[in-house]
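Peer 1: Handing you this structure, nothing more for now.
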Amino acid sequence: MTRIVISGIRGRMGETLLQLARERSDIVVTGGIARESGSDAGTDDARPDTGVPVRTLEDAHDLMGECDVVIDFSTAAATAKLIDTSGDALAGRAVVIGTTGLDADTVRHLDALASRAAVLTAANFSLGVNLLLGLTERVSAALDPAGYDIEIVEAHHRRKVDAPSGTAIALGEAAARGRRVNLHDVRRDGRSGETGMRPDGEIGFHAVRGGGTIGEHRVQFAGERERIELVHEALDRSVFAQGALTAARWIAGREPGRYTMLDVLGL
């Protein structure tokens with residue numbers, strides 16, 4: 001039985017994780033972390049039938065100290081605070097991070113935490129997206145940058161606060177690896193006005209926000225006479241939560257270090 005604590009338990013992904021975990025016999029949710037305490041004496045008053053204790057981060061060290069894995073789907077600021085202030089509680093355990101938009105300081109803190117805990121980060125936990133990452137790198141490596149332009153278009157619901165999505169950036173990094181270049185050197189975010197001719201080798205990003213779109217990602221390889229497009233569309237938000245639970249089950253008890261979904265899937 002893998003014991004998990006969910007950081008961001010009152011968010012949409014937190015609720016989905018809690019629901020799916022209750023349907024499994026190999027995972028139990030032993031606690032949750034939220035920005036504000038509930039009114040029900042420290043229990044999840046939004047889901048009182050679960051009896052799962054919920055604490056603010058400042059009061060959650062005891063919960064983390066008694067679990068195997070902390071799954072974080074919160075906000076970039078909340079994740080940064082979790083990693084910065086909870087290193088001792090997380091030592092010897094595992095952390096699965098699904099929050100995107102993390103800044104460079106948080107990434108450095110995650111690297112430091114990986115010397116004491118097993119750390120898995122993923123921009124997207126779906127099997128399909130991780131297959132798409134591998135395909136993007138291989139197609140990018142096979143096509144001449146002078147003959148095929150790469151554009152990455154992603155769409156999400158109106159409540160998403162970061163753009164481009166973490167998955168879109170991961171796809172851009174995969175494309176850049178295929179071309180043996182640094183994404184930072186060839187990245188272009190959107191276009192407006194007199195932009196001039198598109199240079200060879202550029203990797204473009206475009207973000208669409210609206211309605212309740214769960215997540216769509218398209219990688220276009222546009223040539224003069226043909227266009228190749230790799231597409232992934234999430235049809236149900238639970239695909240991300242299911243992947244995160246699979247990752248948590250896999251990483252529990254692993255040695256300290258950095259891991260990805262490719263490790264989980266053996267890709």
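Identifiers for the structure tokens are assigned positionally: chains receive A, B, ... in sequence, residues are indexed from 1 per chain, and ligands are indexed from 1 in the order shown.
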Please provide as a short mmCIF file (atom, residue, chain, number, x, y, z; two decimals) with C-alpha atoms, in the first residue's frame all residues within 8 Å of segment 13-29 of chain A, with the sequence filter that same-chain residues fewer than 4 positions apart are discarded (counting only C-alpha atoms).

Peer 2:
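Saved result, part_29.cif, follows:
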data_model
loop_
_atom_site.label_atom_id
_atom_site.label_comp_id
_atom_site.auth_asym_id
_atom_site.auth_seq_id
_atom_site.Cartn_x
_atom_site.Cartn_y
_atom_site.Cartn_z
CA MET A 1 0.00 0.00 0.00
CA THR A 2 1.44 3.36 -1.08
CA ARG A 3 0.57 6.25 1.22
CA ILE A 4 0.25 9.62 -0.52
CA VAL A 5 -0.32 13.21 0.50
CA ILE A 6 -1.90 15.49 -2.11
CA SER A 7 -0.67 19.08 -2.25
CA GLY A 8 -3.44 21.16 -3.82
CA ILE A 9 -6.11 18.73 -2.64
CA VAL A 52 -8.74 12.83 4.95
CA PHE A 73 -0.72 19.77 -8.32
CA ARG A 237 -8.97 15.32 -17.02
CA SER A 238 -8.67 12.04 -15.14
CA ALA A 241 -4.50 12.09 -12.39
CA GLN A 242 -4.34 8.41 -13.33
CA LEU A 245 -1.01 7.90 -9.34
CA ARG A 249 3.14 3.94 -7.10
#

Peer 1: Show which residues sit within 8 Å of Thr75 of chain A, as a PDB file with N, CA and C atoms, in the first residue's frame. Count only C-alpha atoms, and ignore same-chain residues fewer than 3 positions away.

Peer 2:
ATOM      1  N   GLY A   8      -2.452  20.595  -2.897  1.00  0.00           N
ATOM      2  CA  GLY A   8      -3.437  21.158  -3.821  1.00  0.00           C
ATOM      3  C   GLY A   8      -4.695  20.302  -3.840  1.00  0.00           C
ATOM      4  N   ALA A  78       2.976  27.938  -4.746  1.00  0.00           N
ATOM      5  CA  ALA A  78       2.785  26.957  -3.673  1.00  0.00           C
ATOM      6  C   ALA A  78       3.820  25.844  -3.768  1.00  0.00           C
ATOM      7  N   THR A  79       4.143  25.413  -4.988  1.00  0.00           N
ATOM      8  CA  THR A  79       5.163  24.373  -5.161  1.00  0.00           C
ATOM      9  C   THR A  79       6.520  24.884  -4.693  1.00  0.00           C
ATOM     10  N   THR A  99       2.828  20.406 -11.209  1.00  0.00           N
ATOM     11  CA  THR A  99       2.620  21.843 -11.389  1.00  0.00           C
ATOM     12  C   THR A  99       3.571  22.368 -12.458  1.00  0.00           C
ATOM     13  N   THR A 100       3.070  23.217 -13.335  1.00  0.00           N
ATOM     14  CA  THR A 100       3.902  23.798 -14.393  1.00  0.00           C
ATOM     15  C   THR A 100       4.176  25.273 -14.107  1.00  0.00           C
TER      16      THR A 100
END

Peer 1: DSSP on the backbone: which residues in segment 78-114 of chain A end up as strand (DSSP E or B)? Give the answer as a PyMOL selection string.

Peer 2: chain A and resi 94-97

Peer 1: List every residue of segment 43-266 of chain A that DSSP, applied to the backbone of this structure, assigns to alpha helix (DSSP H), and report them as a PyMOL selection string.

Peer 2: chain A and resi 61-65+76-85+87-90+104-113+127-142+166-179+183-186+238-251+261-265

Peer 1: Distance atom CA of Ala91 of chain A-atom CA of Ala60 of chain A, one decimal place?

Peer 2: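 Distance reported for this atom pair: 14.4 Å.
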
Peer 1: If we count only C-alpha atoms, what is near segment 175-182 of chain A at a cut-off of 10 Å, once residues fewer than 5 positions away on the same chain are taken out, given as a VMD selection string?

Peer 2: chain A and resid 133 to 145 150 152 169 to 170 187 201 to 203 219

Peer 1: Give me the residues within 10 Å of Ile83 of chain A as a ChimeraX atom specification, counting only C-alpha atoms and dropping any in the same chain fewer than 4 places off.

Peer 2: /A:78-79,87-90,95,106-107,109-110,112-113

Peer 1: Write out as a list of chain:residue names which residues come within 10 Å of Ser115 of chain A when counting only C-alpha atoms, dropping same-chain ones fewer than 5 positions away.

Peer 2: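 Residues meeting the cut-off are A:Ala91, A:Gly92, A:Leu110, A:Glu255, A:Pro256, A:Gly257, A:Arg258.
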
Peer 1: Segment 206-243 of chain A near segment 190-198 of chain A within 12 Å: what's each residue's closest atom pair and its distance in Å to one decimal, counting only C-alpha atoms, ordered by chain then ascending residue number, as a tab-separated table?

Peer 2:
residue	atom	partner	partner_atom	distance
A:His206	CA	A:Gly190	CA	5.3
A:Ala207	CA	A:Gly190	CA	8.0
A:Val208	CA	A:Gly190	CA	10.7

Peer 1: Next, dump the selected residues to file, keeping only C-alpha atoms, as a short mmCIF file (atom, residue, chain, number, x, y, z; two decimals), in the first residue's frame.

Peer 2:
data_model
loop_
_atom_site.label_atom_id
_atom_site.label_comp_id
_atom_site.auth_asym_id
_atom_site.auth_seq_id
_atom_site.Cartn_x
_atom_site.Cartn_y
_atom_site.Cartn_z
CA HIS A 206 1.16 29.72 -29.85
CA ALA A 207 -1.26 29.50 -26.91
CA VAL A 208 -5.05 29.46 -27.12
#

Peer 1: In Å, rounded to a single decimal, give me how far atom CA of Gly204 of chain A is from atom CA of Glu151 of chain A.

Peer 2: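 These atoms are spaced 4.6 Å apart.
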
Peer 1: One decimal, in Å: what's the spacing between atom CA of Leu171 of chain A and atom CA of Arg218 of chain A?

Peer 2: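 For atom CA of Leu171 of chain A relative to atom CA of Arg218 of chain A, the distance reads 9.3 Å.
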
Peer 1: Find the residue from A:Asp189, A:Leu183, A:Ile214, A:Glu173 that sits nearest to Arg158 of chain A; use only C-alpha atoms when measuring.

Peer 2: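 Closest to Arg158 of chain A of all the choices is A:Ile214.
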